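Just below is one structure, and these are the notes that go with it.
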Protein chains: 2
Amino acid sequence: MSNELRSVTELDRLIHEPARLLIVTILSTVESADFLFLQRETDLTKGNLSAHLSRLEEAGYVKIEKTFKGKLPLTVCKLTSAGKKSLTQYRQQLQDFMNRTQ
Amino acid sequence: MSNELRSVTELDRLIHEPARLLIVTILSTVESADFLFLQRETDLTKGNLSAHLSRLEEAGYVKIEKTFKGKLPLTVCKLTSAGKKSLTQYRQQLQDFMNRTQ
């Protein structure tokens with residue numbers, strides 16, 4: 001059995017981290033989302049959300065644009081095509097593991 | 001949507017870690033397993049496997065007995081009922097998340 005099961009250790013750990021999995025999942029359902037929306041939806045602290053978004057941006061999974069809405073700063077986040085692809089692959093690998101170990 | 005999705009951040013991180021998920025999954029399919037069997041099945045290094053087993057033992061998820069087989073040391077690992085329960089709950093929560101976000 002083990003070769004197939006063992007592939008669970010090859011899961012993309014950047015996405016596997018639960019808070020980041022939540023962030024990329026939310027972003028996968030919208031065209032883009034601003035920081036406050038993500039904070040409300042995830043219930044993460046500002047610091048935690050920032051840190052996770054930075055990790056995702058560094059990996060090329062999320063694109064972050066800092067602009068202004070009037071005089072207020074606005075941070076807009078968007079899942080990149082690389083991020084979408086990695087999420088799809090992650091979900092497939094995880095579901096395969098779940099199915100094989102029912 | 002978010003309250004339900006957000007529960008993904010409450011996953012048991014002890015089990016969520018991929019190598020430990022593999023270990024507890026293997027242990028859930030057998031009565032008990034010795035260290036060498038687990039090492040072969042997981043393909044983890046001795047040090048990594050030891051460290052993960054210690055974490056699982058500290059949490060009360062795995063019981064580890066060090067005995068001898070003749071003159072050779074034998075380390076026998078077994079998933080406890082608490083470990084079984086946590087794995088079942090983890091799988092349920094994860095599958096719920098996957099189903100809700102298809």
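Note on naming: chains are A, B, ... as they come in the structure tokens, residues start from 1 per chain, ligands start from 1 in the order shown.
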Same-sequence overlay, chain A on chain B, C-alpha least squares, as a PDB file with N, CA and C atoms, in the first residue's frame:
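File part.pdb, as written:
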```
ATOM      1  N   MET A   1     -20.608  31.808   4.196  1.00  0.00           N
ATOM      2  CA  MET A   1     -19.932  30.510   4.112  1.00  0.00           C
ATOM      3  C   MET A   1     -18.917  30.303   5.240  1.00  0.00           C
ATOM      4  N   SER A   2     -18.414  31.397   5.801  1.00  0.00           N
ATOM      5  CA  SER A   2     -17.111  31.284   6.437  1.00  0.00           C
ATOM      6  C   SER A   2     -17.038  30.516   7.746  1.00  0.00           C
ATOM      7  N   ASN A   3     -18.112  30.574   8.535  1.00  0.00           N
ATOM      8  CA  ASN A   3     -18.034  29.854   9.796  1.00  0.00           C
ATOM      9  C   ASN A   3     -17.692  28.393   9.599  1.00  0.00           C
ATOM     10  N   GLU A   4     -18.345  27.790   8.613  1.00  0.00           N
ATOM     11  CA  GLU A   4     -18.097  26.376   8.355  1.00  0.00           C
ATOM     12  C   GLU A   4     -16.695  26.156   7.794  1.00  0.00           C
ATOM     13  N   LEU A   5     -16.306  26.988   6.859  1.00  0.00           N
ATOM     14  CA  LEU A   5     -14.976  26.839   6.261  1.00  0.00           C
ATOM     15  C   LEU A   5     -13.885  27.087   7.292  1.00  0.00           C
ATOM     16  N   ARG A   6     -14.130  28.091   8.125  1.00  0.00           N
ATOM     17  CA  ARG A   6     -13.140  28.504   9.107  1.00  0.00           C
ATOM     18  C   ARG A   6     -12.738  27.370  10.050  1.00  0.00           C
ATOM     19  N   SER A   7     -13.641  26.402  10.199  1.00  0.00           N
ATOM     20  CA  SER A   7     -13.342  25.296  11.109  1.00  0.00           C
ATOM     21  C   SER A   7     -12.104  24.514  10.651  1.00  0.00           C
ATOM     22  N   VAL A   8     -11.679  24.729   9.400  1.00  0.00           N
ATOM     23  CA  VAL A   8     -10.467  24.045   8.936  1.00  0.00           C
ATOM     24  C   VAL A   8      -9.250  24.467   9.768  1.00  0.00           C
ATOM     25  N   THR A   9      -9.317  25.663  10.338  1.00  0.00           N
ATOM     26  CA  THR A   9      -8.184  26.111  11.155  1.00  0.00           C
ATOM     27  C   THR A   9      -8.185  25.432  12.528  1.00  0.00           C
ATOM     28  N   GLU A  10      -9.253  24.683  12.808  1.00  0.00           N
ATOM     29  CA  GLU A  10      -9.316  23.966  14.092  1.00  0.00           C
ATOM     30  C   GLU A  10      -8.926  22.493  13.946  1.00  0.00           C
ATOM     31  N   LEU A  11      -8.456  22.126  12.765  1.00  0.00           N
ATOM     32  CA  LEU A  11      -7.989  20.748  12.570  1.00  0.00           C
ATOM     33  C   LEU A  11      -6.890  20.419  13.571  1.00  0.00           C
ATOM     34  N   ASP A  12      -6.861  19.196  14.024  1.00  0.00           N
ATOM     35  CA  ASP A  12      -5.831  18.727  14.950  1.00  0.00           C
ATOM     36  C   ASP A  12      -4.471  18.731  14.227  1.00  0.00           C
ATOM     37  N   ARG A  13      -3.649  19.727  14.556  1.00  0.00           N
ATOM     38  CA  ARG A  13      -2.394  19.905  13.809  1.00  0.00           C
ATOM     39  C   ARG A  13      -1.388  18.789  14.076  1.00  0.00           C
ATOM     40  N   LEU A  14      -1.588  18.100  15.167  1.00  0.00           N
ATOM     41  CA  LEU A  14      -0.704  16.976  15.465  1.00  0.00           C
ATOM     42  C   LEU A  14      -0.890  15.885  14.412  1.00  0.00           C
ATOM     43  N   ILE A  15      -2.119  15.711  13.967  1.00  0.00           N
ATOM     44  CA  ILE A  15      -2.406  14.710  12.939  1.00  0.00           C
ATOM     45  C   ILE A  15      -2.272  15.301  11.542  1.00  0.00           C
ATOM     46  N   HIS A  16      -2.509  16.593  11.427  1.00  0.00           N
ATOM     47  CA  HIS A  16      -2.495  17.239  10.104  1.00  0.00           C
ATOM     48  C   HIS A  16      -1.102  17.201   9.458  1.00  0.00           C
ATOM     49  N   GLU A  17      -0.061  17.208  10.269  1.00  0.00           N
ATOM     50  CA  GLU A  17       1.309  17.169   9.716  1.00  0.00           C
ATOM     51  C   GLU A  17       1.432  15.896   8.869  1.00  0.00           C
ATOM     52  N   PRO A  18       1.806  16.038   7.580  1.00  0.00           N
ATOM     53  CA  PRO A  18       1.703  14.890   6.663  1.00  0.00           C
ATOM     54  C   PRO A  18       2.409  13.610   7.124  1.00  0.00           C
ATOM     55  N   ALA A  19       3.606  13.715   7.657  1.00  0.00           N
ATOM     56  CA  ALA A  19       4.305  12.493   8.077  1.00  0.00           C
ATOM     57  C   ALA A  19       3.550  11.822   9.219  1.00  0.00           C
ATOM     58  N   ARG A  20       3.037  12.626  10.140  1.00  0.00           N
ATOM     59  CA  ARG A  20       2.287  12.037  11.261  1.00  0.00           C
ATOM     60  C   ARG A  20       0.953  11.474  10.797  1.00  0.00           C
ATOM     61  N   LEU A  21       0.331  12.146   9.822  1.00  0.00           N
ATOM     62  CA  LEU A  21      -0.917  11.623   9.252  1.00  0.00           C
ATOM     63  C   LEU A  21      -0.660  10.248   8.638  1.00  0.00           C
ATOM     64  N   LEU A  22       0.472  10.126   7.971  1.00  0.00           N
ATOM     65  CA  LEU A  22       0.838   8.835   7.375  1.00  0.00           C
ATOM     66  C   LEU A  22       1.057   7.779   8.459  1.00  0.00           C
ATOM     67  N   ILE A  23       1.779   8.139   9.502  1.00  0.00           N
ATOM     68  CA  ILE A  23       2.065   7.194  10.599  1.00  0.00           C
ATOM     69  C   ILE A  23       0.766   6.715  11.262  1.00  0.00           C
ATOM     70  N   VAL A  24      -0.089   7.650  11.659  1.00  0.00           N
ATOM     71  CA  VAL A  24      -1.310   7.227  12.365  1.00  0.00           C
ATOM     72  C   VAL A  24      -2.246   6.461  11.425  1.00  0.00           C
ATOM     73  N   THR A  25      -2.222   6.809  10.138  1.00  0.00           N
ATOM     74  CA  THR A  25      -3.054   6.076   9.180  1.00  0.00           C
ATOM     75  C   THR A  25      -2.576   4.635   9.065  1.00  0.00           C
ATOM     76  N   ILE A  26      -1.279   4.453   8.960  1.00  0.00           N
ATOM     77  CA  ILE A  26      -0.737   3.084   8.894  1.00  0.00           C
ATOM     78  C   ILE A  26      -1.080   2.329  10.184  1.00  0.00           C
ATOM     79  N   LEU A  27      -0.856   2.984  11.318  1.00  0.00           N
ATOM     80  CA  LEU A  27      -1.140   2.313  12.597  1.00  0.00           C
ATOM     81  C   LEU A  27      -2.634   1.982  12.749  1.00  0.00           C
ATOM     82  N   SER A  28      -3.479   2.756  12.095  1.00  0.00           N
ATOM     83  CA  SER A  28      -4.917   2.493  12.208  1.00  0.00           C
ATOM     84  C   SER A  28      -5.331   1.231  11.450  1.00  0.00           C
ATOM     85  N   THR A  29      -4.435   0.726  10.609  1.00  0.00           N
ATOM     86  CA  THR A  29      -4.777  -0.453   9.802  1.00  0.00           C
ATOM     87  C   THR A  29      -4.190  -1.744  10.372  1.00  0.00           C
ATOM     88  N   VAL A  30      -3.408  -1.615  11.433  1.00  0.00           N
ATOM     89  CA  VAL A  30      -2.773  -2.805  12.013  1.00  0.00           C
ATOM     90  C   VAL A  30      -2.984  -2.840  13.528  1.00  0.00           C
ATOM     91  N   GLU A  31      -2.844  -4.008  14.103  1.00  0.00           N
ATOM     92  CA  GLU A  31      -2.972  -4.138  15.558  1.00  0.00           C
ATOM     93  C   GLU A  31      -1.819  -3.381  16.236  1.00  0.00           C
ATOM     94  N   SER A  32      -0.604  -3.624  15.733  1.00  0.00           N
ATOM     95  CA  SER A  32       0.577  -2.894  16.215  1.00  0.00           C
ATOM     96  C   SER A  32       1.651  -3.009  15.143  1.00  0.00           C
ATOM     97  N   ALA A  33       2.679  -2.185  15.245  1.00  0.00           N
ATOM     98  CA  ALA A  33       3.737  -2.207  14.232  1.00  0.00           C
ATOM     99  C   ALA A  33       5.068  -1.908  14.889  1.00  0.00           C
ATOM    100  N   ASP A  34       6.115  -2.609  14.464  1.00  0.00           N
ATOM    101  CA  ASP A  34       7.406  -2.271  15.057  1.00  0.00           C
ATOM    102  C   ASP A  34       8.062  -1.141  14.264  1.00  0.00           C
ATOM    103  N   PHE A  35       9.077  -0.561  14.892  1.00  0.00           N
ATOM    104  CA  PHE A  35       9.728   0.632  14.355  1.00  0.00           C
ATOM    105  C   PHE A  35      10.241   0.414  12.935  1.00  0.00           C
ATOM    106  N   LEU A  36      10.860  -0.729  12.684  1.00  0.00           N
ATOM    107  CA  LEU A  36      11.440  -0.981  11.361  1.00  0.00           C
ATOM    108  C   LEU A  36      10.370  -1.081  10.277  1.00  0.00           C
ATOM    109  N   PHE A  37       9.251  -1.690  10.658  1.00  0.00           N
ATOM    110  CA  PHE A  37       8.129  -1.772   9.722  1.00  0.00           C
ATOM    111  C   PHE A  37       7.649  -0.359   9.366  1.00  0.00           C
ATOM    112  N   LEU A  38       7.492   0.463  10.389  1.00  0.00           N
ATOM    113  CA  LEU A  38       7.027   1.838  10.153  1.00  0.00           C
ATOM    114  C   LEU A  38       8.033   2.630   9.323  1.00  0.00           C
ATOM    115  N   GLN A  39       9.313   2.391   9.594  1.00  0.00           N
ATOM    116  CA  GLN A  39      10.343   3.110   8.850  1.00  0.00           C
ATOM    117  C   GLN A  39      10.269   2.731   7.364  1.00  0.00           C
ATOM    118  N   ARG A  40      10.080   1.441   7.120  1.00  0.00           N
ATOM    119  CA  ARG A  40      10.004   0.968   5.739  1.00  0.00           C
ATOM    120  C   ARG A  40       8.752   1.506   5.044  1.00  0.00           C
ATOM    121  N   GLU A  41       7.651   1.473   5.759  1.00  0.00           N
ATOM    122  CA  GLU A  41       6.382   1.895   5.152  1.00  0.00           C
ATOM    123  C   GLU A  41       6.316   3.401   4.912  1.00  0.00           C
ATOM    124  N   THR A  42       6.912   4.168   5.821  1.00  0.00           N
ATOM    125  CA  THR A  42       6.827   5.630   5.693  1.00  0.00           C
ATOM    126  C   THR A  42       7.980   6.212   4.892  1.00  0.00           C
ATOM    127  N   ASP A  43       9.099   5.480   4.832  1.00  0.00           N
ATOM    128  CA  ASP A  43      10.311   5.969   4.186  1.00  0.00           C
ATOM    129  C   ASP A  43      10.889   7.202   4.887  1.00  0.00           C
ATOM    130  N   LEU A  44      10.561   7.370   6.159  1.00  0.00           N
ATOM    131  CA  LEU A  44      11.136   8.467   6.938  1.00  0.00           C
ATOM    132  C   LEU A  44      12.499   8.048   7.469  1.00  0.00           C
ATOM    133  N   THR A  45      13.332   9.024   7.784  1.00  0.00           N
ATOM    134  CA  THR A  45      14.596   8.684   8.432  1.00  0.00           C
ATOM    135  C   THR A  45      14.287   8.224   9.860  1.00  0.00           C
ATOM    136  N   LYS A  46      15.247   7.519  10.429  1.00  0.00           N
ATOM    137  CA  LYS A  46      15.097   7.038  11.803  1.00  0.00           C
ATOM    138  C   LYS A  46      14.817   8.216  12.757  1.00  0.00           C
ATOM    139  N   GLY A  47      15.576   9.270  12.588  1.00  0.00           N
ATOM    140  CA  GLY A  47      15.432  10.445  13.455  1.00  0.00           C
ATOM    141  C   GLY A  47      14.069  11.103  13.324  1.00  0.00           C
ATOM    142  N   ASN A  48      13.628  11.270  12.080  1.00  0.00           N
ATOM    143  CA  ASN A  48      12.310  11.880  11.852  1.00  0.00           C
ATOM    144  C   ASN A  48      11.188  11.025  12.407  1.00  0.00           C
ATOM    145  N   LEU A  49      11.269   9.723  12.123  1.00  0.00           N
ATOM    146  CA  LEU A  49      10.222   8.820  12.609  1.00  0.00           C
ATOM    147  C   LEU A  49      10.172   8.832  14.139  1.00  0.00           C
ATOM    148  N   SER A  50      11.347   8.771  14.761  1.00  0.00           N
ATOM    149  CA  SER A  50      11.427   8.831  16.229  1.00  0.00           C
ATOM    150  C   SER A  50      10.777  10.096  16.766  1.00  0.00           C
ATOM    151  N   ALA A  51      11.122  11.218  16.157  1.00  0.00           N
ATOM    152  CA  ALA A  51      10.604  12.507  16.641  1.00  0.00           C
ATOM    153  C   ALA A  51       9.080  12.556  16.516  1.00  0.00           C
ATOM    154  N   HIS A  52       8.569  12.107  15.376  1.00  0.00           N
ATOM    155  CA  HIS A  52       7.110  12.134  15.187  1.00  0.00           C
ATOM    156  C   HIS A  52       6.417  11.172  16.150  1.00  0.00           C
ATOM    157  N   LEU A  53       7.004  10.002  16.347  1.00  0.00           N
ATOM    158  CA  LEU A  53       6.403   9.033  17.284  1.00  0.00           C
ATOM    159  C   LEU A  53       6.383   9.592  18.704  1.00  0.00           C
ATOM    160  N   SER A  54       7.452  10.292  19.073  1.00  0.00           N
ATOM    161  CA  SER A  54       7.496  10.886  20.413  1.00  0.00           C
ATOM    162  C   SER A  54       6.391  11.921  20.587  1.00  0.00           C
ATOM    163  N   ARG A  55       6.188  12.747  19.571  1.00  0.00           N
ATOM    164  CA  ARG A  55       5.115  13.750  19.642  1.00  0.00           C
ATOM    165  C   ARG A  55       3.759  13.058  19.808  1.00  0.00           C
ATOM    166  N   LEU A  56       3.574  11.993  19.049  1.00  0.00           N
ATOM    167  CA  LEU A  56       2.297  11.267  19.102  1.00  0.00           C
ATOM    168  C   LEU A  56       2.122  10.551  20.440  1.00  0.00           C
ATOM    169  N   GLU A  57       3.229  10.071  20.985  1.00  0.00           N
ATOM    170  CA  GLU A  57       3.168   9.409  22.297  1.00  0.00           C
ATOM    171  C   GLU A  57       2.835  10.427  23.391  1.00  0.00           C
ATOM    172  N   GLU A  58       3.483  11.582  23.325  1.00  0.00           N
ATOM    173  CA  GLU A  58       3.215  12.643  24.319  1.00  0.00           C
ATOM    174  C   GLU A  58       1.741  13.053  24.311  1.00  0.00           C
ATOM    175  N   ALA A  59       1.147  13.050  23.135  1.00  0.00           N
ATOM    176  CA  ALA A  59      -0.263  13.436  23.012  1.00  0.00           C
ATOM    177  C   ALA A  59      -1.200  12.311  23.432  1.00  0.00           C
ATOM    178  N   GLY A  60      -0.633  11.145  23.699  1.00  0.00           N
ATOM    179  CA  GLY A  60      -1.459  10.002  24.078  1.00  0.00           C
ATOM    180  C   GLY A  60      -2.099   9.306  22.886  1.00  0.00           C
ATOM    181  N   TYR A  61      -1.620   9.608  21.687  1.00  0.00           N
ATOM    182  CA  TYR A  61      -2.207   9.006  20.478  1.00  0.00           C
ATOM    183  C   TYR A  61      -1.568   7.660  20.137  1.00  0.00           C
ATOM    184  N   VAL A  62      -0.338   7.474  20.569  1.00  0.00           N
ATOM    185  CA  VAL A  62       0.384   6.243  20.252  1.00  0.00           C
ATOM    186  C   VAL A  62       1.018   5.705  21.536  1.00  0.00           C
ATOM    187  N   LYS A  63       0.963   4.393  21.694  1.00  0.00           N
ATOM    188  CA  LYS A  63       1.626   3.764  22.839  1.00  0.00           C
ATOM    189  C   LYS A  63       2.874   3.070  22.296  1.00  0.00           C
ATOM    190  N   ILE A  64       3.988   3.313  22.938  1.00  0.00           N
ATOM    191  CA  ILE A  64       5.243   2.738  22.448  1.00  0.00           C
ATOM    192  C   ILE A  64       5.830   1.826  23.522  1.00  0.00           C
ATOM    193  N   GLU A  65       6.099   0.594  23.141  1.00  0.00           N
ATOM    194  CA  GLU A  65       6.701  -0.345  24.094  1.00  0.00           C
ATOM    195  C   GLU A  65       8.053  -0.802  23.581  1.00  0.00           C
ATOM    196  N   LYS A  66       9.063  -0.628  24.413  1.00  0.00           N
ATOM    197  CA  LYS A  66      10.403  -1.069  24.028  1.00  0.00           C
ATOM    198  C   LYS A  66      10.693  -2.405  24.695  1.00  0.00           C
ATOM    199  N   THR A  67      10.827  -3.415  23.878  1.00  0.00           N
ATOM    200  CA  THR A  67      11.111  -4.751  24.414  1.00  0.00           C
ATOM    201  C   THR A  67      12.306  -5.347  23.674  1.00  0.00           C
ATOM    202  N   PHE A  68      12.450  -6.642  23.782  1.00  0.00           N
ATOM    203  CA  PHE A  68      13.519  -7.329  23.051  1.00  0.00           C
ATOM    204  C   PHE A  68      12.945  -8.509  22.281  1.00  0.00           C
ATOM    205  N   LYS A  69      13.524  -8.746  21.131  1.00  0.00           N
ATOM    206  CA  LYS A  69      13.203  -9.957  20.373  1.00  0.00           C
ATOM    207  C   LYS A  69      14.505 -10.741  20.373  1.00  0.00           C
ATOM    208  N   GLY A  70      14.594 -11.708  21.273  1.00  0.00           N
ATOM    209  CA  GLY A  70      15.885 -12.330  21.515  1.00  0.00           C
ATOM    210  C   GLY A  70      16.795 -11.271  22.134  1.00  0.00           C
ATOM    211  N   LYS A  71      17.926 -11.005  21.484  1.00  0.00           N
ATOM    212  CA  LYS A  71      18.816  -9.972  22.036  1.00  0.00           C
ATOM    213  C   LYS A  71      18.651  -8.629  21.335  1.00  0.00           C
ATOM    214  N   LEU A  72      17.784  -8.617  20.314  1.00  0.00           N
ATOM    215  CA  LEU A  72      17.596  -7.383  19.547  1.00  0.00           C
ATOM    216  C   LEU A  72      16.489  -6.515  20.150  1.00  0.00           C
ATOM    217  N   PRO A  73      16.765  -5.225  20.271  1.00  0.00           N
ATOM    218  CA  PRO A  73      15.714  -4.342  20.785  1.00  0.00           C
ATOM    219  C   PRO A  73      14.555  -4.262  19.790  1.00  0.00           C
ATOM    220  N   LEU A  74      13.359  -4.198  20.333  1.00  0.00           N
ATOM    221  CA  LEU A  74      12.167  -4.144  19.488  1.00  0.00           C
ATOM    222  C   LEU A  74      11.257  -3.043  20.028  1.00  0.00           C
ATOM    223  N   THR A  75      10.916  -2.112  19.155  1.00  0.00           N
ATOM    224  CA  THR A  75      10.034  -1.009  19.543  1.00  0.00           C
ATOM    225  C   THR A  75       8.681  -1.216  18.883  1.00  0.00           C
ATOM    226  N   VAL A  76       7.685  -1.446  19.723  1.00  0.00           N
ATOM    227  CA  VAL A  76       6.356  -1.749  19.177  1.00  0.00           C
ATOM    228  C   VAL A  76       5.408  -0.567  19.414  1.00  0.00           C
ATOM    229  N   CYS A  77       4.774  -0.141  18.328  1.00  0.00           N
ATOM    230  CA  CYS A  77       3.908   1.039  18.381  1.00  0.00           C
ATOM    231  C   CYS A  77       2.467   0.644  18.106  1.00  0.00           C
ATOM    232  N   LYS A  78       1.575   1.309  18.794  1.00  0.00           N
ATOM    233  CA  LYS A  78       0.164   0.969  18.687  1.00  0.00           C
ATOM    234  C   LYS A  78      -0.659   2.247  18.805  1.00  0.00           C
ATOM    235  N   LEU A  79      -1.651   2.392  17.956  1.00  0.00           N
ATOM    236  CA  LEU A  79      -2.541   3.545  18.057  1.00  0.00           C
ATOM    237  C   LEU A  79      -3.451   3.341  19.267  1.00  0.00           C
ATOM    238  N   THR A  80      -3.547   4.332  20.136  1.00  0.00           N
ATOM    239  CA  THR A  80      -4.422   4.215  21.312  1.00  0.00           C
ATOM    240  C   THR A  80      -5.858   4.525  20.901  1.00  0.00           C
ATOM    241  N   SER A  81      -6.794   4.296  21.810  1.00  0.00           N
ATOM    242  CA  SER A  81      -8.182   4.625  21.467  1.00  0.00           C
ATOM    243  C   SER A  81      -8.346   6.133  21.300  1.00  0.00           C
ATOM    244  N   ALA A  82      -7.573   6.909  22.061  1.00  0.00           N
ATOM    245  CA  ALA A  82      -7.614   8.372  21.878  1.00  0.00           C
ATOM    246  C   ALA A  82      -7.085   8.744  20.486  1.00  0.00           C
ATOM    247  N   GLY A  83      -6.037   8.047  20.054  1.00  0.00           N
ATOM    248  CA  GLY A  83      -5.478   8.295  18.726  1.00  0.00           C
ATOM    249  C   GLY A  83      -6.467   7.946  17.628  1.00  0.00           C
ATOM    250  N   LYS A  84      -7.148   6.811  17.811  1.00  0.00           N
ATOM    251  CA  LYS A  84      -8.148   6.399  16.810  1.00  0.00           C
ATOM    252  C   LYS A  84      -9.272   7.414  16.719  1.00  0.00           C
ATOM    253  N   LYS A  85      -9.704   7.878  17.881  1.00  0.00           N
ATOM    254  CA  LYS A  85     -10.809   8.843  17.934  1.00  0.00           C
ATOM    255  C   LYS A  85     -10.399  10.153  17.253  1.00  0.00           C
ATOM    256  N   SER A  86      -9.190  10.607  17.549  1.00  0.00           N
ATOM    257  CA  SER A  86      -8.718  11.863  16.956  1.00  0.00           C
ATOM    258  C   SER A  86      -8.542  11.738  15.450  1.00  0.00           C
ATOM    259  N   LEU A  87      -8.061  10.598  14.996  1.00  0.00           N
ATOM    260  CA  LEU A  87      -7.901  10.394  13.553  1.00  0.00           C
ATOM    261  C   LEU A  87      -9.269  10.397  12.866  1.00  0.00           C
ATOM    262  N   THR A  88     -10.226   9.698  13.466  1.00  0.00           N
ATOM    263  CA  THR A  88     -11.578   9.652  12.894  1.00  0.00           C
ATOM    264  C   THR A  88     -12.175  11.047  12.809  1.00  0.00           C
ATOM    265  N   GLN A  89     -12.015  11.806  13.880  1.00  0.00           N
ATOM    266  CA  GLN A  89     -12.563  13.170  13.907  1.00  0.00           C
ATOM    267  C   GLN A  89     -11.848  14.062  12.886  1.00  0.00           C
ATOM    268  N   TYR A  90     -10.544  13.933  12.823  1.00  0.00           N
ATOM    269  CA  TYR A  90      -9.753  14.713  11.856  1.00  0.00           C
ATOM    270  C   TYR A  90     -10.228  14.436  10.433  1.00  0.00           C
ATOM    271  N   ARG A  91     -10.365  13.149  10.109  1.00  0.00           N
ATOM    272  CA  ARG A  91     -10.780  12.779   8.756  1.00  0.00           C
ATOM    273  C   ARG A  91     -12.167  13.333   8.435  1.00  0.00           C
ATOM    274  N   GLN A  92     -13.052  13.285   9.426  1.00  0.00           N
ATOM    275  CA  GLN A  92     -14.407  13.789   9.219  1.00  0.00           C
ATOM    276  C   GLN A  92     -14.393  15.294   8.945  1.00  0.00           C
ATOM    277  N   GLN A  93     -13.622  16.021   9.759  1.00  0.00           N
ATOM    278  CA  GLN A  93     -13.548  17.478   9.593  1.00  0.00           C
ATOM    279  C   GLN A  93     -12.937  17.841   8.241  1.00  0.00           C
ATOM    280  N   LEU A  94     -11.877  17.118   7.878  1.00  0.00           N
ATOM    281  CA  LEU A  94     -11.198  17.410   6.616  1.00  0.00           C
ATOM    282  C   LEU A  94     -12.111  17.094   5.436  1.00  0.00           C
ATOM    283  N   GLN A  95     -12.810  15.953   5.515  1.00  0.00           N
ATOM    284  CA  GLN A  95     -13.699  15.581   4.411  1.00  0.00           C
ATOM    285  C   GLN A  95     -14.861  16.562   4.299  1.00  0.00           C
ATOM    286  N   ASP A  96     -15.358  17.011   5.451  1.00  0.00           N
ATOM    287  CA  ASP A  96     -16.422  18.031   5.429  1.00  0.00           C
ATOM    288  C   ASP A  96     -15.942  19.287   4.705  1.00  0.00           C
ATOM    289  N   PHE A  97     -14.733  19.695   5.022  1.00  0.00           N
ATOM    290  CA  PHE A  97     -14.165  20.887   4.373  1.00  0.00           C
ATOM    291  C   PHE A  97     -14.055  20.661   2.866  1.00  0.00           C
ATOM    292  N   MET A  98     -13.534  19.495   2.481  1.00  0.00           N
ATOM    293  CA  MET A  98     -13.378  19.193   1.055  1.00  0.00           C
ATOM    294  C   MET A  98     -14.741  19.200   0.360  1.00  0.00           C
ATOM    295  N   ASN A  99     -15.739  18.610   1.007  1.00  0.00           N
ATOM    296  CA  ASN A  99     -17.062  18.543   0.393  1.00  0.00           C
ATOM    297  C   ASN A  99     -17.699  19.928   0.222  1.00  0.00           C
ATOM    298  N   ARG A 100     -17.477  20.766   1.222  1.00  0.00           N
ATOM    299  CA  ARG A 100     -18.088  22.094   1.177  1.00  0.00           C
ATOM    300  C   ARG A 100     -17.446  23.019   0.157  1.00  0.00           C
ATOM    301  N   THR A 101     -16.235  22.667  -0.255  1.00  0.00           N
ATOM    302  CA  THR A 101     -15.483  23.588  -1.124  1.00  0.00           C
ATOM    303  C   THR A 101     -15.202  22.979  -2.492  1.00  0.00           C
ATOM    304  N   GLN A 102     -16.036  22.058  -2.898  1.00  0.00           N
ATOM    305  CA  GLN A 102     -15.821  21.425  -4.194  1.00  0.00           C
ATOM    306  C   GLN A 102     -15.921  22.417  -5.344  1.00  0.00           C
TER     307      GLN A 102
END
```
Please, which residues of range 18-88 of chain B, numbered as in this document, come out alpha helix (DSSP H) from DSSP, as a ChimeraX atom specification? /B:18-28,35-42,46-58,81-88
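Listed by chain and then by rising number, the residues of chain B that DSSP assigns to strand (DSSP E or B) from the backbone are Ala33, Asp34, Val62, Lys63, Ile64, Glu65, Lys66, Thr67, Phe68, Lys69, Leu72, Pro73, Leu74, Thr75, Val76, Cys77, Lys78 and Leu79 of chain B.
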